[in-house]
2 protein chains.
Amino acid sequence: MRADEKGRRPVGLIVQKYGGSSVADADSVKRVARRIVDTHAAGHDVVVIVSAMGDTTDDLLDLAEQVSPQPAARELDMLLTAGERISMAVLAMAIHDLGAEARSYTGSQAGLITDAAHGAARIIDVTPGRIRDAIADRAIPIVAGFQGVAQDTKDITTLGRGGSDTTAVALAAALGADVCEIYTDVDGVFTADPRMVPKARQLHYVTYEEMLDLAAAGAKVLHLRCVEYARRFDLPIHVRSSFSAREGTFVLSETAIAERIAATPEGDKVEQPIISGTAADTNDAKITVVAVPDKPGEAAAIFTALADAGINIDMIVQNVSAATTGRTDVTFTCPQGMAAKAMAALEAVRADIGFEQLLFDDEIAKISLVGAGMRSHPGVSATFFSALADAGVNVEMISTSEIRISVVTRVSAAAEAVRALHTAFGLDADGEAVVYAGTGR
Amino acid sequence: MRADEKGRRPVGLIVQKYGGSSVADADSVKRVARRIVDTHAAGHDVVVIVSAMGDTTDDLLDLAEQVSPQPAARELDMLLTAGERISMAVLAMAIHDLGAEARSYTGSQAGLITDAAHGAARIIDVTPGRIRDAIADRAIPIVAGFQGVAQDTKDITTLGRGGSDTTAVALAAALGADVCEIYTDVDGVFTADPRMVPKARQLHYVTYEEMLDLAAAGAKVLHLRCVEYARRFDLPIHVRSSFSAREGTFVLSETAIAERIAATPEGDKVEQPIISGTAADTNDAKITVVAVPDKPGEAAAIFTALADAGINIDMIVQNVSAATTGRTDVTFTCPQGMAAKAMAALEAVRADIGFEQLLFDDEIAKISLVGAGMRSHPGVSATFFSALADAGVNVEMISTSEIRISVVTRVSAAAEAVRALHTAFGLDADGEAVVYAGTGR
């Protein structure tokens with residue numbers, strides 16, 4: 001941060017990203033324009049990333065489907081990028097009307113250079129020369145999210161799910177921004193999905209690692225890729241609502257959080273947290289490969305077949321084999337949308353592998369508990385499983401990382417399981433909340 | 001034209017332009033895709049220019065209006081270009097599904113370099129390197145009409161009314177195409193508007209000069225700028241319907257028409273035409289500046305005031321002044337949409353110029369007769385005014401060019417005037433039509 005022109009308060013470069021729900025119609029666009037102009041008028045330099053308005057992307061996908069059952073990937077990217085082109089142009093118009101200068105830029109014009117993987121391109125370079133020039137002119141650049149240009153072919157690409165968040169973080173990192181603000185329709189990151197757990201509380205801070213595990217566990221607020229990118233560049237993310245002026249949740253490194261807490265006045269301080277949140281993901285299916293011959297290479301054969309079919313595997317469980325049969329069961333989870341393809345891929349290698357049958361189950365939920373404090377608190381697992389047992393929730397699969405415990409349960413037990421964990425770990429808003437300093441202010 | 005691979009018939013490079021009504025919905029897009037693929041399969045290289053689908057441009061303008069009463073010009077161009085981005089992408093998808101390779105390109109990607117006059121940019125260079133590469137790969141480039149990129153600012157521009165036709169002709173000229181086919185919802189260029197004159201006939205040939213005068217006289221088929229561009233590069237235009245396979249109207253130089261007629265088998269030949277068509281324009285208003293002091297510089301003062309206000313003037317009439325008063329009346333026509341602005345601009349200089357009052361009249365029509373043969377046929381004016389007199393049509397203003405006569409009449413007399421002229425000059429379909437060889441085949 002630098003001081004403003006009169007040296008009175010720190011100003012800086014703020015990147016703001018607005019999602020489709022924040023610019024759903026003309027009135028929303030004007031409201032967002034006002035917020036941007038206010039930030040700019042406070043002395044900050046502002047760069048804005050915007051998604052397509054409301055349902056535009058779905059409407060364009062519908063049109064593509066009417067014309068072609070399987071649209072050519074290059075052309076689908078060309079089509080979908082029209083969505084941000086519309087939103088960024090009207091947002092720039094609205095800002096103009098408030099007396100500030102705004103200039104819209106496509107991903108290509110803003111220097112978002114990607115590989116050529118249409119529909120899921122990865123950013124390989126950011127060369128924001130035109131954005132820097134606009135900032136130098138005290139203009140407000142409005143950049144299309146979700147899109148870039150392929151380095152080799154010069155074709156227009158899109159970044160896939162969560163792409164606009166990734167655009168924002170990548171551009172913020174390249175510009176050396178002080179913060180990347182992600183505006184959404186919720187107030188920030190919560191200890192649980194508030195629709196499932198009414199006592200969920202908003203977090204003031206969360207580490208990149210926790211956010212990654214929360215995203216992987218099914219929390220929808222930020223996409224994995226965007227958090228990974230921010231962690232790599234140690235870029236502060238501020239997740240907040242475009243419908244209020246309240247502070248949201250800061251996603252930072254552990255060091256940065258410690259520094260911020262150290263700088264908090266004594267009276268506001270609370271102890272460091274163990275657990276940052278819970279999450280439930282009900283979009284997975286469970287597939288069990290029954291009676292696989294228990295010899296080297298069989299598991300590899302199963303997962304090679306799945307990988308060749310492009311299936312994303314989440315959890316995997318294999319028990320020790322029954323001594324009497326010499327066979328074992330292998331169970332894994334994958335997104336429900338890929339389950340049919342996974343079953344077909346396995347059926348095709350059934351004779352080669354020699355397993356007996358496939359079991360399919362999409363009535364499951366994955367329940368996760370995430371917290372950086374887990375590393376140094378050995379009692380977490382015991383509390384976790386006791387809480388579920390007391391709530392009568394049966395656990396079907398278990399998977400853990402350094403800072404996360406996930407289990408698979410019946411989908412009908414998901415809400416009860418999350419609420420039980422939320423209470424057991426003191427996350428409830430009216431209980432002894434173990435959250436970061438400053439939460440709830 | 002070159003011979004095809006087996007040397008059997010001439011093949012060439014054909015540029016095809018499809019307007020918004022030709023790609024109004026998914027079914028239309030598929031129909032157009034089939035036509036393109038058929039042309040390509042016949043051995044031709046094909047480059048396609050496409051407008052925005054149906055009402056897309058109007059919908060985008062509505063959106064802009066909801067957000068901003070006077071949208072910033074740069075941003076309005078960015079917004080509107082989303083329309084062709086959508087149509088070109090879905091058209092490319094539909095072509096893919098028919099087994100040919102199509103690649104869509106924005107105006108910028110196709111090398112349409114313009115000045116920076118947003119909303120009415122002029123093409124200053126065409127550098128179609130990527131289009132040439134696509135043709136070399138036997139792919140079908142689909143290029144967004146109506147748009148380009150400004151040479152100096154690198155901002156996205158639009159070409160204004162008739163812009164997609166101009167894109168097609170400019171690209172065809174730069175690529176050295178054999179013909180530029182302009183697809184529309186009528187069969188070609190007619191001797192009169194068929195809705196006004198049921199006996200109107202389709203022309204087989206029309207010269208660039210006649211087409212320019214027809215366009216200036218209010219014929220809607222082709223825009224002035226596109227015809228000017230084609231004349232400059234002597235590029236054949238073929239105006240035809242995307243709803244039938246019939247030949248339409250060729251717009252060519254006089255020399256090219258003479259050559260084509262010379263190559264026509266004797267039995268099909270007819271004499272050279274005198275008149276190629278009639279047109280009525282009911283979108284003008286007439287303004288009379290009453291009792292202007294008749295001294296040097298007064299007319300200049302009037303038209304300088306109008307030019308400063310950006311008013312396009314069409315016809316101007318000034319009679320000799322009355323000897324008793326030393327004053328004269330100046331009457332001119334301009335588009336109805338500019339009339340209010342014109343009146344205001346003149347009121348502002350009334351005291352300086354010293355005229356008495358302004359008269360306004362928007363119940364007028366401009367009736368025109370166009371034909372290259374006029375030059376060498378002195379009787380045309382006599383026939384023209386006799387026909388109008390016999391039909392009881394009163395003439396209020398007269399203006400002529402080398403190959404055109406235009407008059408202003410009451411708007412209520414417009415249809416009668418056009419029909420009278422159409423008959424008098426033998427253009428009626430069941431009469432002795434004086435049209436080019438091959439018409440009506």
# chains A, B, ... in the order shown; residues from 1 in each chain; ligands from 1

$ closest_atom_pairs --of "chain B" --to "chain A" --cutoff "9 Å" --atoms "only C-alpha atoms" --output "Markdown table"
| residue | atom | partner | partner_atom | distance |
| --- | --- | --- | --- | --- |
| B:Asp25 | CA | A:Leu63 | CA | 8.8 |
| B:Ala26 | CA | A:Val67 | CA | 5.2 |
| B:Asp27 | CA | A:Val67 | CA | 7.4 |
| B:Val29 | CA | A:Val67 | CA | 7.4 |
| B:Lys30 | CA | A:Val67 | CA | 6.9 |
| B:Leu60 | CA | A:Ile86 | CA | 8.1 |
| B:Leu63 | CA | A:Ala26 | CA | 7.3 |
| B:Ala64 | CA | A:Val90 | CA | 6.1 |
| B:Gln66 | CA | A:Ala26 | CA | 5.9 |
| B:Val67 | CA | A:Ala26 | CA | 5.2 |
| B:Ser68 | CA | A:Ala94 | CA | 5.9 |
| B:Pro69 | CA | A:Asp97 | CA | 8.4 |
| B:Gln70 | CA | A:Asp97 | CA | 8.2 |
| B:Pro71 | CA | A:Met93 | CA | 5.5 |
| B:Ala72 | CA | A:Met93 | CA | 5.6 |
| B:Ala73 | CA | A:Met93 | CA | 8.8 |
| B:Arg74 | CA | A:Arg103 | CA | 8.1 |
| B:Glu75 | CA | A:Ala89 | CA | 4.9 |
| B:Leu76 | CA | A:Ala89 | CA | 6.8 |
| B:Asp77 | CA | A:Ala89 | CA | 8.4 |
| B:Met78 | CA | A:Ala89 | CA | 5.9 |
| B:Leu79 | CA | A:Ile86 | CA | 5.0 |
| B:Leu80 | CA | A:Ile86 | CA | 7.9 |
| B:Thr81 | CA | A:Arg85 | CA | 8.3 |
| B:Ala82 | CA | A:Ala82 | CA | 5.0 |
| B:Gly83 | CA | A:Ala82 | CA | 7.7 |
| B:Arg85 | CA | A:Ala82 | CA | 6.2 |
| B:Ile86 | CA | A:Leu79 | CA | 5.1 |
| B:Ser87 | CA | A:Leu79 | CA | 8.1 |
| B:Met88 | CA | A:Leu79 | CA | 8.1 |
| B:Ala89 | CA | A:Glu75 | CA | 5.0 |
| B:Val90 | CA | A:Ala64 | CA | 6.1 |
| B:Leu91 | CA | A:Val67 | CA | 8.1 |
| B:Ala92 | CA | A:Glu75 | CA | 6.6 |
| B:Met93 | CA | A:Pro71 | CA | 5.5 |
| B:Ala94 | CA | A:Ser68 | CA | 5.9 |
| B:His96 | CA | A:Ala72 | CA | 7.0 |
| B:Asp97 | CA | A:Ser68 | CA | 6.8 |
| B:Ala102 | CA | A:Glu75 | CA | 9.0 |
| B:Arg103 | CA | A:Glu75 | CA | 7.4 |
| B:Ser104 | CA | A:Glu75 | CA | 7.0 |
| B:Tyr105 | CA | A:Asp155 | CA | 8.7 |
| B:Gln109 | CA | A:Lys154 | CA | 8.8 |
| B:Lys154 | CA | A:Gln109 | CA | 8.7 |
| B:Asp155 | CA | A:Tyr105 | CA | 8.7 |

$ write_last_selection --atoms "N, CA and C atoms" --output "CSV table (one decimal), in the first residue's frame"
chain,number,residue,atom,x,y,z
B,25,ASP,N,-32.3,-18.1,-36.5
B,25,ASP,CA,-32.5,-19.1,-35.4
B,25,ASP,C,-31.7,-20.4,-35.8
B,26,ALA,N,-31.7,-21.4,-34.9
B,26,ALA,CA,-30.9,-22.5,-35.0
B,26,ALA,C,-31.1,-23.2,-36.4
B,27,ASP,N,-32.4,-23.3,-36.8
B,27,ASP,CA,-32.7,-24.0,-38.1
B,27,ASP,C,-32.1,-23.2,-39.3
B,29,VAL,N,-29.6,-21.3,-39.2
B,29,VAL,CA,-28.1,-21.5,-39.2
B,29,VAL,C,-27.7,-22.8,-39.8
B,30,LYS,N,-28.5,-23.9,-39.6
B,30,LYS,CA,-28.2,-25.2,-40.2
B,30,LYS,C,-28.4,-25.1,-41.7
B,60,LEU,N,-29.2,-6.1,-27.7
B,60,LEU,CA,-28.1,-5.5,-27.1
B,60,LEU,C,-28.2,-4.0,-26.9
B,63,LEU,N,-30.4,-3.4,-24.0
B,63,LEU,CA,-29.7,-3.6,-22.7
B,63,LEU,C,-28.8,-2.3,-22.4
B,64,ALA,N,-28.1,-1.8,-23.4
B,64,ALA,CA,-27.3,-0.7,-23.2
B,64,ALA,C,-28.2,0.5,-22.7
B,66,GLN,N,-30.9,0.4,-21.1
B,66,GLN,CA,-31.3,0.2,-19.7
B,66,GLN,C,-30.3,0.6,-18.7
B,67,VAL,N,-29.0,0.4,-19.1
B,67,VAL,CA,-27.9,0.7,-18.2
B,67,VAL,C,-27.5,2.2,-18.3
B,68,SER,N,-27.5,2.8,-19.5
B,68,SER,CA,-27.0,4.1,-19.7
B,68,SER,C,-27.8,4.9,-20.8
B,69,PRO,N,-28.2,6.1,-20.4
B,69,PRO,CA,-29.0,6.9,-21.4
B,69,PRO,C,-28.1,7.2,-22.7
B,70,GLN,N,-26.9,7.4,-22.5
B,70,GLN,CA,-26.0,7.7,-23.6
B,70,GLN,C,-24.7,6.9,-23.5
B,71,PRO,N,-24.8,5.6,-24.0
B,71,PRO,CA,-23.7,4.7,-23.8
B,71,PRO,C,-22.4,5.2,-24.4
B,72,ALA,N,-21.3,5.0,-23.6
B,72,ALA,CA,-19.9,5.4,-24.1
B,72,ALA,C,-19.7,4.7,-25.5
B,73,ALA,N,-19.2,5.4,-26.5
B,73,ALA,CA,-19.1,4.8,-27.8
B,73,ALA,C,-18.2,3.6,-27.9
B,74,ARG,N,-17.0,3.7,-27.2
B,74,ARG,CA,-16.1,2.6,-27.2
B,74,ARG,C,-16.8,1.3,-26.7
B,75,GLU,N,-17.5,1.5,-25.6
B,75,GLU,CA,-18.2,0.4,-24.9
B,75,GLU,C,-19.4,-0.2,-25.7
B,76,LEU,N,-20.1,0.7,-26.4
B,76,LEU,CA,-21.2,0.3,-27.2
B,76,LEU,C,-20.7,-0.6,-28.3
B,77,ASP,N,-19.5,-0.3,-28.9
B,77,ASP,CA,-18.9,-1.1,-29.9
B,77,ASP,C,-18.5,-2.5,-29.4
B,78,MET,N,-17.9,-2.5,-28.2
B,78,MET,CA,-17.5,-3.7,-27.5
B,78,MET,C,-18.8,-4.6,-27.3
B,79,LEU,N,-19.9,-3.9,-26.9
B,79,LEU,CA,-21.1,-4.7,-26.6
B,79,LEU,C,-21.7,-5.3,-27.9
B,80,LEU,N,-21.8,-4.4,-28.9
B,80,LEU,CA,-22.5,-4.9,-30.1
B,80,LEU,C,-21.8,-6.0,-30.8
B,81,THR,N,-20.4,-6.0,-30.8
B,81,THR,CA,-19.7,-7.0,-31.5
B,81,THR,C,-19.9,-8.4,-30.8
B,82,ALA,N,-20.5,-8.5,-29.7
B,82,ALA,CA,-20.8,-9.8,-29.1
B,82,ALA,C,-21.8,-10.5,-30.0
B,83,GLY,N,-22.7,-9.7,-30.7
B,83,GLY,CA,-23.7,-10.3,-31.6
B,83,GLY,C,-23.1,-11.2,-32.7
B,85,ARG,N,-20.1,-12.5,-32.7
B,85,ARG,CA,-19.3,-13.5,-32.1
B,85,ARG,C,-20.2,-14.7,-31.8
B,86,ILE,N,-21.5,-14.5,-31.5
B,86,ILE,CA,-22.4,-15.6,-31.2
B,86,ILE,C,-22.7,-16.3,-32.6
B,87,SER,N,-23.1,-15.5,-33.6
B,87,SER,CA,-23.6,-16.1,-34.8
B,87,SER,C,-22.5,-16.9,-35.5
B,88,MET,N,-21.3,-16.3,-35.5
B,88,MET,CA,-20.2,-17.0,-36.2
B,88,MET,C,-19.8,-18.3,-35.5
B,89,ALA,N,-19.8,-18.3,-34.2
B,89,ALA,CA,-19.5,-19.5,-33.5
B,89,ALA,C,-20.5,-20.6,-33.7
B,90,VAL,N,-21.8,-20.3,-33.7
B,90,VAL,CA,-22.8,-21.4,-33.9
B,90,VAL,C,-22.8,-21.8,-35.4
B,91,LEU,N,-22.5,-20.9,-36.3
B,91,LEU,CA,-22.4,-21.3,-37.7
B,91,LEU,C,-21.3,-22.2,-37.9
B,92,ALA,N,-20.1,-21.9,-37.3
B,92,ALA,CA,-19.0,-22.8,-37.4
B,92,ALA,C,-19.3,-24.2,-36.8
B,93,MET,N,-20.0,-24.2,-35.7
B,93,MET,CA,-20.4,-25.5,-35.1
B,93,MET,C,-21.2,-26.3,-36.1
B,94,ALA,N,-22.2,-25.7,-36.7
B,94,ALA,CA,-23.1,-26.3,-37.6
B,94,ALA,C,-22.4,-26.9,-38.8
B,96,HIS,N,-19.2,-27.8,-38.9
B,96,HIS,CA,-18.4,-28.9,-38.3
B,96,HIS,C,-19.2,-30.2,-38.4
B,97,ASP,N,-20.5,-30.0,-38.0
B,97,ASP,CA,-21.4,-31.2,-37.9
B,97,ASP,C,-21.7,-31.8,-39.3
B,102,ALA,N,-14.6,-25.7,-40.1
B,102,ALA,CA,-14.8,-24.2,-40.1
B,102,ALA,C,-14.1,-23.6,-38.9
B,103,ARG,N,-13.6,-22.4,-39.1
B,103,ARG,CA,-13.0,-21.6,-38.0
B,103,ARG,C,-13.5,-20.2,-38.0
B,104,SER,N,-14.0,-19.8,-36.8
B,104,SER,CA,-14.6,-18.5,-36.7
B,104,SER,C,-13.5,-17.5,-36.4
B,105,TYR,N,-13.6,-16.3,-36.9
B,105,TYR,CA,-12.6,-15.2,-36.6
B,105,TYR,C,-13.4,-13.9,-36.3
B,109,GLN,N,-9.3,-10.5,-35.6
B,109,GLN,CA,-8.5,-11.7,-36.0
B,109,GLN,C,-8.4,-11.8,-37.5
B,154,LYS,N,-6.0,0.1,-30.9
B,154,LYS,CA,-6.3,-1.4,-30.7
B,154,LYS,C,-7.6,-1.7,-30.1
B,155,ASP,N,-8.5,-0.7,-30.0
B,155,ASP,CA,-9.8,-0.9,-29.5
B,155,ASP,C,-10.8,-1.5,-30.6

$ atom_distance --atom1 "CA of Thr191 (chain A)" --atom2 "CA of Thr249 (chain A)"
11.1 Å

$ select_by_dssp --residues "region 107-198 of chain B" --states "strand (DSSP E)" --output "JSON, numbers by chain"
{"B": [112, 113, 114, 123, 124, 125, 126, 140, 141, 142, 143, 144, 147, 148, 149, 150, 156, 157, 158, 179, 180, 181, 182, 183, 184]}

$ write_last_selection --atoms "C-alpha atoms" --output "short mmCIF file (atom, residue, chain, number, x, y, z; two decimals), in the first residue's frame"
data_model
loop_
_atom_site.label_atom_id
_atom_site.label_comp_id
_atom_site.auth_asym_id
_atom_site.auth_seq_id
_atom_site.Cartn_x
_atom_site.Cartn_y
_atom_site.Cartn_z
CA LEU B 112 -10.07 -5.68 -40.51
CA ILE B 113 -8.12 -2.57 -39.51
CA THR B 114 -10.15 0.61 -39.10
CA ILE B 123 -11.74 0.30 -42.97
CA ILE B 124 -8.21 1.58 -43.62
CA ASP B 125 -6.42 -1.74 -44.17
CA VAL B 126 -7.18 -5.44 -44.49
CA ILE B 140 -13.83 -22.48 -44.12
CA PRO B 141 -13.17 -19.19 -42.29
CA ILE B 142 -16.28 -17.64 -40.71
CA VAL B 143 -15.66 -13.95 -40.16
CA ALA B 144 -17.66 -11.58 -37.96
CA GLN B 147 -16.51 -5.03 -36.81
CA GLY B 148 -12.81 -4.29 -36.83
CA VAL B 149 -9.98 -3.08 -34.64
CA ALA B 150 -8.66 0.47 -34.54
CA ILE B 156 -12.75 -2.82 -31.04
CA THR B 157 -14.78 -0.80 -33.55
CA THR B 158 -17.98 -1.21 -35.55
CA VAL B 179 -17.09 -12.91 -56.44
CA CYS B 180 -18.69 -11.58 -53.26
CA GLU B 181 -22.14 -13.12 -52.75
CA ILE B 182 -24.45 -11.03 -50.55
CA TYR B 183 -27.26 -13.25 -49.24
CA THR B 184 -30.44 -11.52 -48.19
#

$ residues_around --residues "Lys199 (chain A)" --least-positions-apart "2" --cutoff "12 Å" --atoms "only C-alpha atoms" --output "list in words"
Phe190, Thr191, Ala192, Asp193, Pro194, Arg195, Met196, Val197, Arg201, Gln202, Val418, Arg419, Ala420, Leu421, His422, Thr423, Gly426, Leu427, Asp428, Ala429, Asp430, Gly431, Glu432 and Ala433 of chain A

$ residues_around --residues "region 345-353 of chain A" --least-positions-apart "5" --cutoff "12 Å" --atoms "only C-alpha atoms" --output "PyMOL selection string"
chain A and resi 287-311+327+338-340+358-360

$ write_last_selection --atoms "N, CA and C atoms" --output "mmCIF file, in the first residue's frame"
data_model
loop_
_atom_site.group_PDB
_atom_site.id
_atom_site.type_symbol
_atom_site.label_atom_id
_atom_site.label_comp_id
_atom_site.auth_asym_id
_atom_site.auth_seq_id
_atom_site.Cartn_x
_atom_site.Cartn_y
_atom_site.Cartn_z
ATOM 1 N N ILE A 287 -18.722 -46.365 -6.142
ATOM 2 C CA ILE A 287 -18.703 -47.583 -6.953
ATOM 3 C C ILE A 287 -17.806 -48.605 -6.258
ATOM 4 N N THR A 288 -18.301 -49.821 -6.102
ATOM 5 C CA THR A 288 -17.494 -50.882 -5.483
ATOM 6 C C THR A 288 -17.214 -51.980 -6.513
ATOM 7 N N VAL A 289 -15.950 -52.295 -6.656
ATOM 8 C CA VAL A 289 -15.547 -53.392 -7.532
ATOM 9 C C VAL A 289 -15.406 -54.615 -6.623
ATOM 10 N N VAL A 290 -16.280 -55.605 -6.792
ATOM 11 C CA VAL A 290 -16.417 -56.697 -5.828
ATOM 12 C C VAL A 290 -15.541 -57.898 -6.220
ATOM 13 N N ALA A 291 -14.819 -58.409 -5.199
ATOM 14 C CA ALA A 291 -14.034 -59.642 -5.352
ATOM 15 C C ALA A 291 -12.985 -59.523 -6.447
ATOM 16 N N VAL A 292 -12.106 -58.534 -6.257
ATOM 17 C CA VAL A 292 -10.961 -58.374 -7.154
ATOM 18 C C VAL A 292 -9.875 -59.345 -6.700
ATOM 19 N N PRO A 293 -9.278 -60.146 -7.595
ATOM 20 C CA PRO A 293 -8.180 -61.034 -7.185
ATOM 21 C C PRO A 293 -7.086 -60.219 -6.504
ATOM 22 N N ASP A 294 -6.672 -60.649 -5.318
ATOM 23 C CA ASP A 294 -5.728 -59.857 -4.530
ATOM 24 C C ASP A 294 -4.300 -60.169 -4.927
ATOM 25 N N LYS A 295 -3.884 -59.657 -6.073
ATOM 26 C CA LYS A 295 -2.494 -59.825 -6.487
ATOM 27 C C LYS A 295 -1.974 -58.522 -7.066
ATOM 28 N N PRO A 296 -0.655 -58.357 -7.111
ATOM 29 C CA PRO A 296 -0.083 -57.076 -7.522
ATOM 30 C C PRO A 296 -0.587 -56.655 -8.907
ATOM 31 N N GLY A 297 -0.883 -55.374 -9.027
ATOM 32 C CA GLY A 297 -1.248 -54.846 -10.344
ATOM 33 C C GLY A 297 -2.732 -54.760 -10.603
ATOM 34 N N GLU A 298 -3.558 -55.394 -9.766
ATOM 35 C CA GLU A 298 -5.001 -55.364 -10.047
ATOM 36 C C GLU A 298 -5.590 -53.975 -9.798
ATOM 37 N N ALA A 299 -5.212 -53.347 -8.687
ATOM 38 C CA ALA A 299 -5.706 -51.992 -8.413
ATOM 39 C C ALA A 299 -5.233 -51.044 -9.510
ATOM 40 N N ALA A 300 -3.992 -51.203 -9.934
ATOM 41 C CA ALA A 300 -3.453 -50.357 -11.001
ATOM 42 C C ALA A 300 -4.284 -50.514 -12.269
ATOM 43 N N ALA A 301 -4.679 -51.767 -12.575
ATOM 44 C CA ALA A 301 -5.467 -52.006 -13.785
ATOM 45 C C ALA A 301 -6.814 -51.290 -13.706
ATOM 46 N N ILE A 302 -7.424 -51.330 -12.520
ATOM 47 C CA ILE A 302 -8.715 -50.650 -12.326
ATOM 48 C C ILE A 302 -8.592 -49.149 -12.548
ATOM 49 N N PHE A 303 -7.590 -48.528 -11.900
ATOM 50 C CA PHE A 303 -7.513 -47.072 -11.955
ATOM 51 C C PHE A 303 -6.911 -46.558 -13.255
ATOM 52 N N THR A 304 -6.158 -47.438 -13.944
ATOM 53 C CA THR A 304 -5.706 -47.064 -15.286
ATOM 54 C C THR A 304 -6.904 -47.000 -16.231
ATOM 55 N N ALA A 305 -7.791 -47.992 -16.138
ATOM 56 C CA ALA A 305 -8.983 -48.001 -16.993
ATOM 57 C C ALA A 305 -9.823 -46.745 -16.756
ATOM 58 N N LEU A 306 -9.951 -46.347 -15.467
ATOM 59 C CA LEU A 306 -10.737 -45.156 -15.135
ATOM 60 C C LEU A 306 -10.054 -43.875 -15.623
ATOM 61 N N ALA A 307 -8.735 -43.819 -15.471
ATOM 62 C CA ALA A 307 -7.992 -42.639 -15.907
ATOM 63 C C ALA A 307 -8.104 -42.482 -17.418
ATOM 64 N N ASP A 308 -7.999 -43.613 -18.149
ATOM 65 C CA ASP A 308 -8.101 -43.559 -19.614
ATOM 66 C C ASP A 308 -9.462 -43.014 -20.043
ATOM 67 N N ALA A 309 -10.481 -43.275 -19.221
ATOM 68 C CA ALA A 309 -11.833 -42.791 -19.549
ATOM 69 C C ALA A 309 -12.047 -41.357 -19.052
ATOM 70 N N GLY A 310 -11.026 -40.747 -18.440
ATOM 71 C CA GLY A 310 -11.126 -39.359 -17.991
ATOM 72 C C GLY A 310 -11.936 -39.167 -16.728
ATOM 73 N N ILE A 311 -12.017 -40.197 -15.879
ATOM 74 C CA ILE A 311 -12.809 -40.105 -14.651
ATOM 75 C C ILE A 311 -11.963 -39.519 -13.518
ATOM 76 N N ARG A 327 -9.466 -62.733 -2.310
ATOM 77 C CA ARG A 327 -10.055 -61.636 -3.089
ATOM 78 C C ARG A 327 -10.374 -60.462 -2.177
ATOM 79 N N MET A 338 -20.036 -38.491 -13.814
ATOM 80 C CA MET A 338 -19.081 -39.363 -14.491
ATOM 81 C C MET A 338 -19.314 -40.835 -14.189
ATOM 82 N N ALA A 339 -20.326 -41.124 -13.341
ATOM 83 C CA ALA A 339 -20.472 -42.485 -12.836
ATOM 84 C C ALA A 339 -20.804 -43.492 -13.941
ATOM 85 N N ALA A 340 -21.697 -43.105 -14.864
ATOM 86 C CA ALA A 340 -22.099 -44.037 -15.924
ATOM 87 C C ALA A 340 -20.887 -44.400 -16.782
ATOM 88 N N LEU A 358 -19.948 -55.159 -10.124
ATOM 89 C CA LEU A 358 -19.840 -53.743 -9.764
ATOM 90 C C LEU A 358 -21.072 -53.353 -8.963
ATOM 91 N N LEU A 359 -20.852 -52.621 -7.857
ATOM 92 C CA LEU A 359 -21.976 -52.080 -7.096
ATOM 93 C C LEU A 359 -21.983 -50.563 -7.272
ATOM 94 N N PHE A 360 -23.168 -50.014 -7.419
ATOM 95 C CA PHE A 360 -23.287 -48.572 -7.648
ATOM 96 C C PHE A 360 -24.195 -47.960 -6.600
#

$ atom_distance --atom1 "CA of Lys341 (chain A)" --atom2 "CA of Asp284 (chain A)"
13.6 Å

$ atom_distance --atom1 "CA of Ser368 (chain A)" --atom2 "CA of Val227 (chain A)"
18.4 Å

$ select_by_dssp --residues "region 301-353 of chain B" --states "alpha helix (DSSP H)" --output "VMD selection string"
chain B and resid 301 to 308 336 to 347 350 to 353

$ write_last_selection --atoms "C-alpha atoms" --output "short mmCIF file (atom, residue, chain, number, x, y, z; two decimals), in the first residue's frame"
data_model
loop_
_atom_site.label_atom_id
_atom_site.label_comp_id
_atom_site.auth_asym_id
_atom_site.auth_seq_id
_atom_site.Cartn_x
_atom_site.Cartn_y
_atom_site.Cartn_z
CA ALA B 301 -24.00 30.48 -43.13
CA ILE B 302 -27.07 28.22 -43.21
CA PHE B 303 -25.25 25.10 -44.33
CA THR B 304 -22.27 25.71 -42.07
CA ALA B 305 -24.65 25.80 -39.09
CA LEU B 306 -26.20 22.52 -40.26
CA ALA B 307 -22.81 20.86 -40.90
CA ASP B 308 -21.60 21.89 -37.44
CA GLN B 336 -36.46 12.79 -40.47
CA GLY B 337 -34.40 11.62 -37.49
CA MET B 338 -32.16 14.68 -37.82
CA ALA B 339 -34.90 17.22 -38.49
CA ALA B 340 -35.41 18.40 -34.89
CA LYS B 341 -31.67 18.93 -34.50
CA ALA B 342 -31.57 20.82 -37.81
CA MET B 343 -34.41 23.13 -36.76
CA ALA B 344 -32.66 23.88 -33.46
CA ALA B 345 -29.35 24.57 -35.17
CA LEU B 346 -31.03 27.05 -37.53
CA GLU B 347 -33.04 28.78 -34.79
CA ARG B 350 -31.72 33.15 -36.96
CA ALA B 351 -30.67 36.56 -35.64
CA ASP B 352 -27.26 36.40 -37.31
CA ILE B 353 -28.66 35.39 -40.70
#

$ residues_around --residues "Ala100 (chain A)" --least-positions-apart "6" --cutoff "9 Å" --atoms "only C-alpha atoms" --output "list in words"
Val37, His40, Ala41, Arg138, Ala139 and Ile140 of chain A
